[in-house]
Amino acid sequence: MLNNLVLLFPLLIGTRGDFVLVERRDSPPPGFSRIGSAPANDVLNLRLALAQGNIEGLHDTVYEISTPGNSRYGQYLTAAEVAQYVSPSAETLSQVNSWLAASDLTASPLTPAGDWISVNMTITQANSLLAADFATFQNEDTNQTVVRTLSYSIPSALKTSVDWVYPTTGFPTASGGGFPTFINKTSGAPVPKAPRAVSDDCRGDIWTLPCILQLYGISSTPAKPAANLFGVSGFGNSFANKRDLKTFLQTYRPDMNPNTTFDLLSVDDGINNQLPAGAGILGNPDIQWSVGLTSGVPITFISTGTLPNDRVSEMLDQAHYLLSMDKPPQTILNTGLSGLESQVASPQMAVSLCNAYAQLAARGISYITQTSIWGAGSVPLPGCQAFDPPFPASCPFVTAVGATEFTTDETEETASMFSGGGFSKFFKRPPYQDAAVEAYLKASNNTHTTAFNASGRALPDVAAINGVDWIFAGEVINFLTTTEYSATIFASVVALLTNERIAAGRPGLGFLNPLIYKYGNEAFNDFQTGGSWACAGALPGFNSTKGWDPVTGFGSPSYPKLLEICSKL
C-alpha cells in the first residue's frame with residue numbers, strides 16, 4: 001500500500017459491504033460542475049497501481065548508491081534490478097487478474113516491472129467493479145469535459161493488492177496550469193544585498209547568458225565527447241523552437257555553431273510544433289539556456305502529452321517511459337508544475353509519482369525540478385493561513401531548485417522573496433536532510449511555526465538566478481522571472497559535471513541530494529539575508545540564514561568548487 005513516505009491521507013478510509021473505500025470527495029473541485037451521468041457504453045482507460053514488492057528497500061538502496069563515501073556509491077541499478085524491488089508479488093497479480101477476468105477484462109502492463117497496469121472497460125463495468133458513479137464534469141472556464149467519480153472502492157480481498165486507480169476522483173487543475181509561473185522582473189520589491197558580485201562588464205546585461213556563465217564560473221569550453229545525454233522536459237504542448245534557438249546562439253553564444261540543435265523524444269504522442277504560433281514560453285527558454293550553457297552536451301527535448309491540464313499524469317507517463325529505456329538520459333530537467341501540494345489531484349498519485357522518481361534515482365538519473373514563485377506557498381486564496389509547498393519539488397527523490405535574483409543595481413546576487421520553499425505535508429523528511437534542517441529550525445526565528453510541518457521533506461535544495469534573457473518568435477524576452485529559469489541553469493551545471501565524470505570513465509552523478517547535503521556548505525554561494533513571502537505577501541514566509549534554509553536551500557552553485565568535489569568522488 002502507500003509507503004512510509006506518506007504523512008497524511010491514508011488509503012483505506014472506510015468500508016462498504018464487501019468493498020473497501022479507497023478515495024472519496026464530497027464535491028468536485030472549484031471550477032467543475034456535474035453535467036450528467038457518463039454514457040453507459042463509453043469506454044474508460046483505467047490505470048491501476050499495484051502494491052509494490054519492496055519499495056522501502058528500494059529507497060534504502062537509493063540512499064546507499066547516492067551517498068558519497070558509501071561503499072556502494074555510484075553502483076546504479078539496471079532496469080531488471082529495479083524491477084526486483086517494485087514488481088508486484090505473484091499473489092497480487094493472480095488476485096487482480098482473476099478479479100478482472102470475472103468481468104471479461106484483461107490488463108496490459110504499463111511499466112517494465114508490472115507495478116502499473118492499464119484496463120479498458122465500459123462505464124457500466126467501471127461502476128460495477130469499483131462501486132462508483134462515473135459522471136461527466138465540465139470545466140466552467142474552458143468548457144472541457146472529463147469523466148470522473150466522487151468516490152470508488154475495491155473488493156476487500158484486494159485491499160493489499162491494489163493501491164489506487166486513476167482517473168477516478170482526481171480532477172485536472174481547473175485553471176489548466178495550477179498557478180502563475182511568471183512574475184515581472186521589475187516588481188519593485190526591496191532587495192537585501194548579499195556578497196555575490198559580477199564584473200562591471202555585465203552592468204545592464206546581467207540577465208544574459210555570458211554574464212550567468214561568469215556568475216557561476218561555468219566554462220564556455222566545448223564539452224568533452226562522452227556518452228552523456230541531457231533530457232529537457234516539455235509538458236502539455238510546451239514547444240522548443242529551433243529557429244529561436246539559432247537566434248539565441250547567434251546573439252549570446254557567437255563562439256558556438258548556431259546550428260547546434262537537439263533531438264526529440266515523444267511520449268504520449270507529444271510533439272514539438274515548429275510553426276511561429278507554436279513557439280512556447282515554457283519550452284523555449286529551457287532549451288535555449290540548456291544548449292547555451294552546456295556547450296555541446298547532447299540534449300533531447302522530451303515532449304510529453306497534448307493536454308495542458310493533466311500534468312501529474314503526464315509526469316508519471318514520462319517517468320514510466322524513461323524507466324523502460326535501456327539508456328535513459330543521465331540528467332533530466334522538469335520545469336512543469338502540477339501546483340501546490342494542496343492542488344494535487346490525488347495524494348496517492350503524488351506518492352506513486354515520487355516512487356517512480358525513486359526508481360529513476362536508482363537507475364542513476366539526476367532529476368531536477370523547479371519550486372515556484374509563491375515563496376512559502378499558498379496562492380492568494382481567501383483565508384490563506386497554512387504554508388503550501390509545490391509538487392513534484394516536494395518529492396524527496398528529486399532536486400528542488402529555488403530562486404535568487406539580482407540587486408536593483410544589478411551587481412550582486414541575493415535571495416528572492418518569491419523563491420518557493422517550505423516543508424511537505426505529503427512526505428517525511430529524508431535522512432540526508434536531518435542535520436541541515438535541524439540546524440535551520442534551531443537557528444531561525446520563524447513566527448508562523450503552526451503554518452508548516454517541520455518534520456516534512458524540506459525544500460528547496462539549491463537555488464539559481466530566476467530571470468534571464470531569451471528569444472521568443474525572434475524577439476528578446478527580458479522582463480519575466482520564474483524558478484523555471486533557475487532549475488534550467490542548475491540542471492545545465494549538473495549536465496556539465498556529469499559529462500566531465502563520464503568522460504573520465506566515472507559514473508554519472510545520479511541522485512544528487514545526498515551529495516548536496518554533504519558538501520552544500522563548501523560548494524554553494526550562501527545567502528544569509530532576506531526571506532520569502534507567503535499568501536502573496538499577506539504573511540511573512542521563511543528567513544534566509546547561514547547554511548541551508550527554505551528560501552534558497554544551500555544557495556547557488558559554484559561550478560569550479562562542484563567540479564573539484566565531483567572529480568574526486
# chains A, B, ... in the order shown; residues from 1 in each chain; ligands from 1
>>> closest_atom_pairs(of="stretch 494-543 of chain A", to="stretch 365-379 of chain A", cutoff="9 Å", atoms="only C-alpha atoms", output="tab-separated table")
residue	atom	partner	partner_atom	distance
A:Val494	CA	A:Ser366	CA	8.0
A:Ala495	CA	A:Ser366	CA	8.8
A:Gly508	CA	A:Ile365	CA	7.9
A:Leu509	CA	A:Ser366	CA	6.8
A:Gly510	CA	A:Ile365	CA	4.5
A:Phe511	CA	A:Ser366	CA	4.8
A:Leu512	CA	A:Ser366	CA	6.2
A:Gly531	CA	A:Gly375	CA	8.7
A:Ser532	CA	A:Gly375	CA	5.1
A:Trp533	CA	A:Gly375	CA	5.0
A:Ala534	CA	A:Ala376	CA	4.9
A:Cys535	CA	A:Ser378	CA	5.1
A:Ala536	CA	A:Val379	CA	6.4
A:Gly537	CA	A:Gly375	CA	8.9
A:Pro540	CA	A:Ala376	CA	8.3
A:Gly541	CA	A:Ala376	CA	5.1
A:Phe542	CA	A:Ala376	CA	6.7
>>> closest_atom_pairs(of="stretch 461-555 of chain A", to="stretch 396-420 of chain A", cutoff="12 Å", atoms="only C-alpha atoms", output="tab-separated table")
residue	atom	partner	partner_atom	distance
A:Asp461	CA	A:Ala400	CA	5.4
A:Val462	CA	A:Val401	CA	5.1
A:Ala463	CA	A:Gly402	CA	4.3
A:Ala464	CA	A:Thr404	CA	5.3
A:Ile465	CA	A:Thr404	CA	4.6
A:Asn466	CA	A:Ala403	CA	5.3
A:Gly467	CA	A:Glu405	CA	7.0
A:Val468	CA	A:Glu405	CA	10.0
A:Leu480	CA	A:Glu405	CA	11.6
A:Thr481	CA	A:Glu405	CA	8.7
A:Thr482	CA	A:Ala403	CA	7.6
A:Thr483	CA	A:Ala403	CA	5.6
A:Glu484	CA	A:Val401	CA	8.6
A:Tyr485	CA	A:Ala403	CA	8.7
A:Ser486	CA	A:Ala403	CA	6.0
A:Ala487	CA	A:Val401	CA	5.3
A:Thr488	CA	A:Val401	CA	9.0
A:Ile489	CA	A:Val401	CA	9.5
A:Phe490	CA	A:Val401	CA	7.5
A:Ala491	CA	A:Val401	CA	9.1
A:Val494	CA	A:Thr399	CA	10.8
A:Gly510	CA	A:Val398	CA	10.5
A:Phe511	CA	A:Phe397	CA	7.1
A:Leu512	CA	A:Thr399	CA	6.7
A:Asn513	CA	A:Thr399	CA	6.3
A:Pro514	CA	A:Phe397	CA	9.9
A:Leu515	CA	A:Thr399	CA	10.9
A:Ile516	CA	A:Thr399	CA	9.2
A:Tyr517	CA	A:Thr399	CA	11.0
A:Asn525	CA	A:Glu413	CA	9.3
A:Asp526	CA	A:Thr414	CA	9.0
A:Phe527	CA	A:Ala415	CA	6.1
A:Gln528	CA	A:Ala415	CA	8.1
A:Thr529	CA	A:Ala415	CA	7.3
A:Gly530	CA	A:Ala415	CA	6.4
A:Gly531	CA	A:Met417	CA	5.4
A:Ser532	CA	A:Met417	CA	3.9
A:Trp533	CA	A:Met417	CA	5.6
A:Ala534	CA	A:Phe418	CA	8.6
A:Cys535	CA	A:Phe418	CA	10.8
A:Ala536	CA	A:Phe418	CA	8.9
A:Gly537	CA	A:Met417	CA	9.3
A:Leu539	CA	A:Met417	CA	11.7
A:Pro540	CA	A:Met417	CA	9.5
A:Gly541	CA	A:Met417	CA	8.5
A:Phe542	CA	A:Met417	CA	9.0
A:Asn543	CA	A:Met417	CA	9.4
A:Ser544	CA	A:Ala415	CA	7.3
A:Thr545	CA	A:Ala415	CA	10.2
A:Trp548	CA	A:Gly402	CA	12.0
A:Asp549	CA	A:Ala415	CA	10.6
A:Pro550	CA	A:Gly420	CA	8.0
A:Val551	CA	A:Ser419	CA	5.7
A:Thr552	CA	A:Gly402	CA	5.5
A:Gly553	CA	A:Gly402	CA	7.2
A:Phe554	CA	A:Gly402	CA	9.9
A:Gly555	CA	A:Thr404	CA	8.2
>>> residues_around(residues="A:Ile302", least_positions_apart="5", cutoff="8 Å", atoms="only C-alpha atoms", output="JSON, numbers by chain")
{"A": [231, 232, 233, 234, 264, 265, 266, 267]}
>>> write_last_selection(atoms="C-alpha atoms", output="mmCIF file, in the first residue's frame")
data_model
loop_
_atom_site.group_PDB
_atom_site.id
_atom_site.type_symbol
_atom_site.label_atom_id
_atom_site.label_comp_id
_atom_site.auth_asym_id
_atom_site.auth_seq_id
_atom_site.Cartn_x
_atom_site.Cartn_y
_atom_site.Cartn_z
ATOM 1 C CA GLY A 231 16.879 15.458 -21.213
ATOM 2 C CA VAL A 232 14.784 18.652 -21.168
ATOM 3 C CA SER A 233 11.099 18.047 -20.444
ATOM 4 C CA GLY A 234 8.163 19.617 -22.217
ATOM 5 C CA LEU A 264 13.113 14.983 -29.947
ATOM 6 C CA LEU A 265 11.714 12.162 -27.820
ATOM 7 C CA SER A 266 7.914 11.806 -27.948
ATOM 8 C CA VAL A 267 5.928 10.391 -25.022
#
>>> atom_distance(atom1="atom CA of A:Asp244", atom2="atom CA of A:Ala473")
6.4 Å
>>> residues_around(residues="stretch 109-113 of chain A", least_positions_apart="3", cutoff="9 Å", atoms="only C-alpha atoms", output="VMD selection string")
chain A and resid 47 79 to 80 82 to 88 116 to 118 317 320 to 321 323 to 324
>>> write_last_selection(atoms="N, CA and C atoms", output="mmCIF file, in the first residue's frame")
data_model
loop_
_atom_site.group_PDB
_atom_site.id
_atom_site.type_symbol
_atom_site.label_atom_id
_atom_site.label_comp_id
_atom_site.auth_asym_id
_atom_site.auth_seq_id
_atom_site.Cartn_x
_atom_site.Cartn_y
_atom_site.Cartn_z
ATOM 1 N N ARG A 47 -6.106 3.077 -15.077
ATOM 2 C CA ARG A 47 -4.775 2.613 -14.691
ATOM 3 C C ARG A 47 -4.822 2.194 -13.234
ATOM 4 N N ALA A 79 17.523 -1.892 -15.057
ATOM 5 C CA ALA A 79 16.061 -1.936 -15.031
ATOM 6 C C ALA A 79 15.578 -3.220 -14.376
ATOM 7 N N ALA A 80 16.259 -4.325 -14.653
ATOM 8 C CA ALA A 80 15.855 -5.607 -14.063
ATOM 9 C C ALA A 80 16.054 -5.599 -12.556
ATOM 10 N N VAL A 82 15.956 -2.917 -10.579
ATOM 11 C CA VAL A 82 14.902 -2.077 -10.012
ATOM 12 C C VAL A 82 13.600 -2.856 -9.936
ATOM 13 N N ALA A 83 13.304 -3.610 -10.975
ATOM 14 C CA ALA A 83 12.056 -4.377 -11.017
ATOM 15 C C ALA A 83 11.966 -5.378 -9.874
ATOM 16 N N GLN A 84 13.088 -5.880 -9.419
ATOM 17 C CA GLN A 84 13.064 -6.829 -8.304
ATOM 18 C C GLN A 84 12.505 -6.192 -7.036
ATOM 19 N N TYR A 85 12.657 -4.891 -6.900
ATOM 20 C CA TYR A 85 12.128 -4.192 -5.729
ATOM 21 C C TYR A 85 10.654 -3.833 -5.879
ATOM 22 N N VAL A 86 10.224 -3.485 -7.070
ATOM 23 C CA VAL A 86 8.890 -2.901 -7.222
ATOM 24 C C VAL A 86 7.881 -3.814 -7.904
ATOM 25 N N SER A 87 8.312 -4.948 -8.431
ATOM 26 C CA SER A 87 7.352 -5.848 -9.078
ATOM 27 C C SER A 87 6.351 -6.373 -8.058
ATOM 28 N N PRO A 88 5.066 -6.425 -8.422
ATOM 29 C CA PRO A 88 4.063 -7.000 -7.516
ATOM 30 C C PRO A 88 4.340 -8.483 -7.291
ATOM 31 N N TRP A 116 2.286 -1.107 -12.620
ATOM 32 C CA TRP A 116 1.164 -0.344 -13.167
ATOM 33 C C TRP A 116 0.574 -1.123 -14.325
ATOM 34 N N ILE A 117 -0.751 -1.232 -14.343
ATOM 35 C CA ILE A 117 -1.429 -1.906 -15.440
ATOM 36 C C ILE A 117 -2.535 -1.009 -15.978
ATOM 37 N N SER A 118 -2.937 -1.272 -17.204
ATOM 38 C CA SER A 118 -3.973 -0.494 -17.876
ATOM 39 C C SER A 118 -5.097 -1.429 -18.298
ATOM 40 N N ASP A 317 3.686 9.345 -16.789
ATOM 41 C CA ASP A 317 3.938 8.653 -18.054
ATOM 42 C C ASP A 317 5.377 8.868 -18.518
ATOM 43 N N HIS A 320 7.603 6.608 -16.416
ATOM 44 C CA HIS A 320 7.485 5.213 -16.839
ATOM 45 C C HIS A 320 8.219 4.972 -18.158
ATOM 46 N N TYR A 321 8.135 5.932 -19.064
ATOM 47 C CA TYR A 321 8.834 5.788 -20.344
ATOM 48 C C TYR A 321 10.346 5.751 -20.119
ATOM 49 N N LEU A 323 11.917 4.822 -17.497
ATOM 50 C CA LEU A 323 12.277 3.563 -16.844
ATOM 51 C C LEU A 323 12.335 2.408 -17.834
ATOM 52 N N SER A 324 11.604 2.514 -18.929
ATOM 53 C CA SER A 324 11.605 1.447 -19.930
ATOM 54 C C SER A 324 12.809 1.527 -20.864
#
>>> closest_residue(among="A:Ser108, A:Asn478, A:Gly364, A:Tyr432", to="A:Tyr73", atoms="only C-alpha atoms")
A:Gly364
>>> closest_atom_pairs(of="stretch 272-313 of chain A", to="stretch 333-354 of chain A", cutoff="12 Å", atoms="only C-alpha atoms", output="JSON lines")
{"residue": "A:Ile281", "atom": "CA", "partner": "A:Thr335", "partner_atom": "CA", "distance": 11.7}
{"residue": "A:Leu282", "atom": "CA", "partner": "A:Thr335", "partner_atom": "CA", "distance": 8.0}
{"residue": "A:Gly283", "atom": "CA", "partner": "A:Thr335", "partner_atom": "CA", "distance": 8.8}
{"residue": "A:Asn284", "atom": "CA", "partner": "A:Thr335", "partner_atom": "CA", "distance": 11.6}
{"residue": "A:Pro285", "atom": "CA", "partner": "A:Thr335", "partner_atom": "CA", "distance": 10.6}
{"residue": "A:Asp286", "atom": "CA", "partner": "A:Thr335", "partner_atom": "CA", "distance": 8.1}
{"residue": "A:Ile287", "atom": "CA", "partner": "A:Leu333", "partner_atom": "CA", "distance": 10.1}
{"residue": "A:Trp289", "atom": "CA", "partner": "A:Leu333", "partner_atom": "CA", "distance": 11.7}
{"residue": "A:Ser290", "atom": "CA", "partner": "A:Leu333", "partner_atom": "CA", "distance": 9.3}
{"residue": "A:Ile299", "atom": "CA", "partner": "A:Leu333", "partner_atom": "CA", "distance": 10.7}
{"residue": "A:Thr300", "atom": "CA", "partner": "A:Leu333", "partner_atom": "CA", "distance": 10.5}
{"residue": "A:Phe301", "atom": "CA", "partner": "A:Leu333", "partner_atom": "CA", "distance": 9.7}
{"residue": "A:Ile302", "atom": "CA", "partner": "A:Leu333", "partner_atom": "CA", "distance": 9.6}
{"residue": "A:Ser303", "atom": "CA", "partner": "A:Asn334", "partner_atom": "CA", "distance": 11.0}
{"residue": "A:Thr304", "atom": "CA", "partner": "A:Gly336", "partner_atom": "CA", "distance": 10.8}
{"residue": "A:Pro308", "atom": "CA", "partner": "A:Gly336", "partner_atom": "CA", "distance": 10.2}
{"residue": "A:Asn309", "atom": "CA", "partner": "A:Ser338", "partner_atom": "CA", "distance": 8.6}
{"residue": "A:Asp310", "atom": "CA", "partner": "A:Ser338", "partner_atom": "CA", "distance": 8.0}
{"residue": "A:Arg311", "atom": "CA", "partner": "A:Ser338", "partner_atom": "CA", "distance": 5.5}
{"residue": "A:Val312", "atom": "CA", "partner": "A:Ser338", "partner_atom": "CA", "distance": 5.8}
{"residue": "A:Ser313", "atom": "CA", "partner": "A:Met349", "partner_atom": "CA", "distance": 8.2}
>>> write_last_selection(atoms="N, CA and C atoms", output="mmCIF file, in the first residue's frame")
data_model
loop_
_atom_site.group_PDB
_atom_site.id
_atom_site.type_symbol
_atom_site.label_atom_id
_atom_site.label_comp_id
_atom_site.auth_asym_id
_atom_site.auth_seq_id
_atom_site.Cartn_x
_atom_site.Cartn_y
_atom_site.Cartn_z
ATOM 1 N N ILE A 281 6.539 29.724 -24.372
ATOM 2 C CA ILE A 281 7.199 30.489 -23.315
ATOM 3 C C ILE A 281 7.692 29.564 -22.214
ATOM 4 N N LEU A 282 7.446 28.253 -22.352
ATOM 5 C CA LEU A 282 7.977 27.295 -21.394
ATOM 6 C C LEU A 282 9.131 26.512 -22.012
ATOM 7 N N GLY A 283 8.895 25.812 -23.119
ATOM 8 C CA GLY A 283 9.950 25.001 -23.709
ATOM 9 C C GLY A 283 11.096 25.807 -24.282
ATOM 10 N N ASN A 284 10.811 26.974 -24.830
ATOM 11 C CA ASN A 284 11.843 27.763 -25.497
ATOM 12 C C ASN A 284 13.009 28.155 -24.587
ATOM 13 N N PRO A 285 12.764 28.833 -23.462
ATOM 14 C CA PRO A 285 13.909 29.223 -22.631
ATOM 15 C C PRO A 285 14.661 28.028 -22.067
ATOM 16 N N ASP A 286 13.950 26.943 -21.765
ATOM 17 C CA ASP A 286 14.623 25.765 -21.220
ATOM 18 C C ASP A 286 15.649 25.223 -22.210
ATOM 19 N N ILE A 287 15.235 25.069 -23.457
ATOM 20 C CA ILE A 287 16.141 24.543 -24.474
ATOM 21 C C ILE A 287 17.260 25.532 -24.777
ATOM 22 N N TRP A 289 18.666 27.917 -22.989
ATOM 23 C CA TRP A 289 19.681 28.027 -21.950
ATOM 24 C C TRP A 289 20.399 26.703 -21.710
ATOM 25 N N SER A 290 19.723 25.589 -21.852
ATOM 26 C CA SER A 290 20.394 24.297 -21.704
ATOM 27 C C SER A 290 21.465 24.123 -22.773
ATOM 28 N N ILE A 299 21.595 17.018 -26.181
ATOM 29 C CA ILE A 299 20.348 17.354 -25.493
ATOM 30 C C ILE A 299 19.170 16.770 -26.256
ATOM 31 N N THR A 300 18.223 16.219 -25.518
ATOM 32 C CA THR A 300 16.979 15.701 -26.083
ATOM 33 C C THR A 300 15.806 16.418 -25.441
ATOM 34 N N PHE A 301 14.899 16.916 -26.266
ATOM 35 C CA PHE A 301 13.665 17.529 -25.776
ATOM 36 C C PHE A 301 12.622 16.426 -25.654
ATOM 37 N N ILE A 302 12.135 16.189 -24.437
ATOM 38 C CA ILE A 302 11.179 15.113 -24.169
ATOM 39 C C ILE A 302 9.790 15.727 -24.123
ATOM 40 N N SER A 303 9.058 15.608 -25.214
ATOM 41 C CA SER A 303 7.725 16.199 -25.317
ATOM 42 C C SER A 303 6.692 15.162 -24.901
ATOM 43 N N THR A 304 5.971 15.468 -23.830
ATOM 44 C CA THR A 304 5.042 14.500 -23.251
ATOM 45 C C THR A 304 3.624 15.033 -23.281
ATOM 46 N N PRO A 308 -2.784 20.251 -21.615
ATOM 47 C CA PRO A 308 -2.058 21.138 -20.718
ATOM 48 C C PRO A 308 -2.580 21.145 -19.290
ATOM 49 N N ASN A 309 -3.500 20.251 -18.937
ATOM 50 C CA ASN A 309 -4.113 20.355 -17.616
ATOM 51 C C ASN A 309 -4.135 19.035 -16.854
ATOM 52 N N ASP A 310 -3.346 18.059 -17.280
ATOM 53 C CA ASP A 310 -3.272 16.794 -16.558
ATOM 54 C C ASP A 310 -1.807 16.488 -16.299
ATOM 55 N N ARG A 311 -1.146 17.442 -15.650
ATOM 56 C CA ARG A 311 0.299 17.461 -15.564
ATOM 57 C C ARG A 311 0.874 16.274 -14.793
ATOM 58 N N VAL A 312 0.300 15.898 -13.665
ATOM 59 C CA VAL A 312 0.863 14.802 -12.889
ATOM 60 C C VAL A 312 0.810 13.510 -13.685
ATOM 61 N N SER A 313 -0.293 13.286 -14.395
ATOM 62 C CA SER A 313 -0.405 12.101 -15.237
ATOM 63 C C SER A 313 0.681 12.088 -16.306
#
>>> closest_residue(among="A:Asp141, A:Glu500, A:Glu23, A:Asp201", to="A:Thr168", atoms="only C-alpha atoms")
A:Glu23
>>> select_by_dssp(residues="stretch 228-304 of chain A", states="strand (DSSP E)", output="PDB file with C-alpha atoms, in the first residue's frame")
ATOM      1  CA  PHE A 230      20.674  15.760 -21.048  1.00  0.00           C
ATOM      2  CA  GLY A 231      16.879  15.458 -21.213  1.00  0.00           C
ATOM      3  CA  VAL A 232      14.784  18.652 -21.168  1.00  0.00           C
ATOM      4  CA  SER A 233      11.099  18.047 -20.444  1.00  0.00           C
ATOM      5  CA  GLY A 234       8.163  19.617 -22.217  1.00  0.00           C
ATOM      6  CA  PHE A 235       4.650  19.014 -20.896  1.00  0.00           C
ATOM      7  CA  ASP A 263      16.791  15.688 -30.619  1.00  0.00           C
ATOM      8  CA  LEU A 264      13.113  14.983 -29.947  1.00  0.00           C
ATOM      9  CA  LEU A 265      11.714  12.162 -27.820  1.00  0.00           C
ATOM     10  CA  SER A 266       7.914  11.806 -27.948  1.00  0.00           C
ATOM     11  CA  VAL A 267       5.928  10.391 -25.022  1.00  0.00           C
ATOM     12  CA  ILE A 299      20.348  17.354 -25.493  1.00  0.00           C
ATOM     13  CA  THR A 300      16.979  15.701 -26.083  1.00  0.00           C
ATOM     14  CA  PHE A 301      13.665  17.529 -25.776  1.00  0.00           C
ATOM     15  CA  ILE A 302      11.179  15.113 -24.169  1.00  0.00           C
ATOM     16  CA  SER A 303       7.725  16.199 -25.317  1.00  0.00           C
ATOM     17  CA  THR A 304       5.042  14.500 -23.251  1.00  0.00           C
TER      18      THR A 304
END
>>> atom_distance(atom1="atom CA of A:Asp163", atom2="atom CA of A:Ala49")
5.4 Å
>>> closest_residue(among="A:Pro28, A:Gly456, A:Pro431, A:Gly547", to="A:Ser394", atoms="only C-alpha atoms")
A:Gly456
>>> select_by_dssp(residues="stretch 182-426 of chain A", states="alpha helix (DSSP H)", output="MDAnalysis selection string")
chainID A and resid 209:216 242:252 283:294 311:324 347:362
>>> atom_distance(atom1="atom CA of A:Tyr440", atom2="atom CA of A:Gly217")
27.8 Å
>>> decode(residues="stretch 40-102 of chain A", atoms="C-alpha atoms", output="mmCIF file, in the first residue's frame")
data_model
loop_
_atom_site.group_PDB
_atom_site.id
_atom_site.type_symbol
_atom_site.label_atom_id
_atom_site.label_comp_id
_atom_site.auth_asym_id
_atom_site.auth_seq_id
_atom_site.Cartn_x
_atom_site.Cartn_y
_atom_site.Cartn_z
ATOM 1 C CA ALA A 40 -23.024 3.644 -20.047
ATOM 2 C CA ASN A 41 -21.238 2.209 -23.084
ATOM 3 C CA ASP A 42 -18.420 4.751 -23.290
ATOM 4 C CA VAL A 43 -15.007 3.177 -22.756
ATOM 5 C CA LEU A 44 -12.691 4.250 -19.949
ATOM 6 C CA ASN A 45 -8.984 3.556 -19.871
ATOM 7 C CA LEU A 46 -8.225 2.990 -16.191
ATOM 8 C CA ARG A 47 -4.775 2.613 -14.691
ATOM 9 C CA LEU A 48 -4.259 0.519 -11.597
ATOM 10 C CA ALA A 49 -1.291 0.971 -9.284
ATOM 11 C CA LEU A 50 -0.492 -2.417 -7.793
ATOM 12 C CA ALA A 51 1.216 -2.956 -4.460
ATOM 13 C CA GLN A 52 4.968 -2.850 -4.999
ATOM 14 C CA GLY A 53 7.027 -5.652 -3.538
ATOM 15 C CA ASN A 54 9.660 -3.739 -1.547
ATOM 16 C CA ILE A 55 9.554 -0.012 -2.214
ATOM 17 C CA GLU A 56 11.128 0.811 1.166
ATOM 18 C CA GLY A 57 14.047 -1.436 0.262
ATOM 19 C CA LEU A 58 14.457 0.490 -2.976
ATOM 20 C CA HIS A 59 14.513 3.788 -1.073
ATOM 21 C CA ASP A 60 17.262 2.458 1.201
ATOM 22 C CA THR A 61 19.266 1.277 -1.796
ATOM 23 C CA VAL A 62 18.924 4.670 -3.497
ATOM 24 C CA TYR A 63 20.385 6.396 -0.455
ATOM 25 C CA GLU A 64 23.309 3.957 -0.356
ATOM 26 C CA ILE A 65 24.286 4.263 -4.022
ATOM 27 C CA SER A 66 23.824 8.052 -3.974
ATOM 28 C CA THR A 67 25.782 8.948 -0.834
ATOM 29 C CA PRO A 68 29.460 9.846 -1.336
ATOM 30 C CA GLY A 69 31.620 7.743 0.951
ATOM 31 C CA ASN A 70 29.281 4.759 0.922
ATOM 32 C CA SER A 71 30.928 1.611 -0.438
ATOM 33 C CA ARG A 72 28.104 1.302 -2.976
ATOM 34 C CA TYR A 73 28.320 4.889 -4.237
ATOM 35 C CA GLY A 74 27.770 5.099 -7.993
ATOM 36 C CA GLN A 75 26.710 1.451 -8.359
ATOM 37 C CA TYR A 76 23.430 2.214 -10.083
ATOM 38 C CA LEU A 77 20.849 -0.464 -10.774
ATOM 39 C CA THR A 78 19.719 -1.934 -14.060
ATOM 40 C CA ALA A 79 16.061 -1.936 -15.031
ATOM 41 C CA ALA A 80 15.855 -5.607 -14.063
ATOM 42 C CA GLU A 81 17.366 -4.912 -10.639
ATOM 43 C CA VAL A 82 14.902 -2.077 -10.012
ATOM 44 C CA ALA A 83 12.056 -4.377 -11.017
ATOM 45 C CA GLN A 84 13.064 -6.829 -8.304
ATOM 46 C CA TYR A 85 12.128 -4.192 -5.729
ATOM 47 C CA VAL A 86 8.890 -2.901 -7.222
ATOM 48 C CA SER A 87 7.352 -5.848 -9.078
ATOM 49 C CA PRO A 88 4.063 -7.000 -7.516
ATOM 50 C CA SER A 89 4.028 -10.405 -5.882
ATOM 51 C CA ALA A 90 2.694 -13.422 -7.752
ATOM 52 C CA GLU A 91 -0.254 -13.466 -5.345
ATOM 53 C CA THR A 92 -1.093 -9.833 -6.129
ATOM 54 C CA LEU A 93 -1.011 -10.459 -9.866
ATOM 55 C CA SER A 94 -3.146 -13.576 -9.534
ATOM 56 C CA GLN A 95 -5.776 -11.818 -7.415
ATOM 57 C CA VAL A 96 -6.020 -8.789 -9.688
ATOM 58 C CA ASN A 97 -6.114 -10.791 -12.908
ATOM 59 C CA SER A 98 -8.821 -13.079 -11.517
ATOM 60 C CA TRP A 99 -10.897 -10.071 -10.443
ATOM 61 C CA LEU A 100 -10.680 -8.549 -13.904
ATOM 62 C CA ALA A 101 -11.233 -11.848 -15.715
ATOM 63 C CA ALA A 102 -14.536 -12.304 -13.878
#
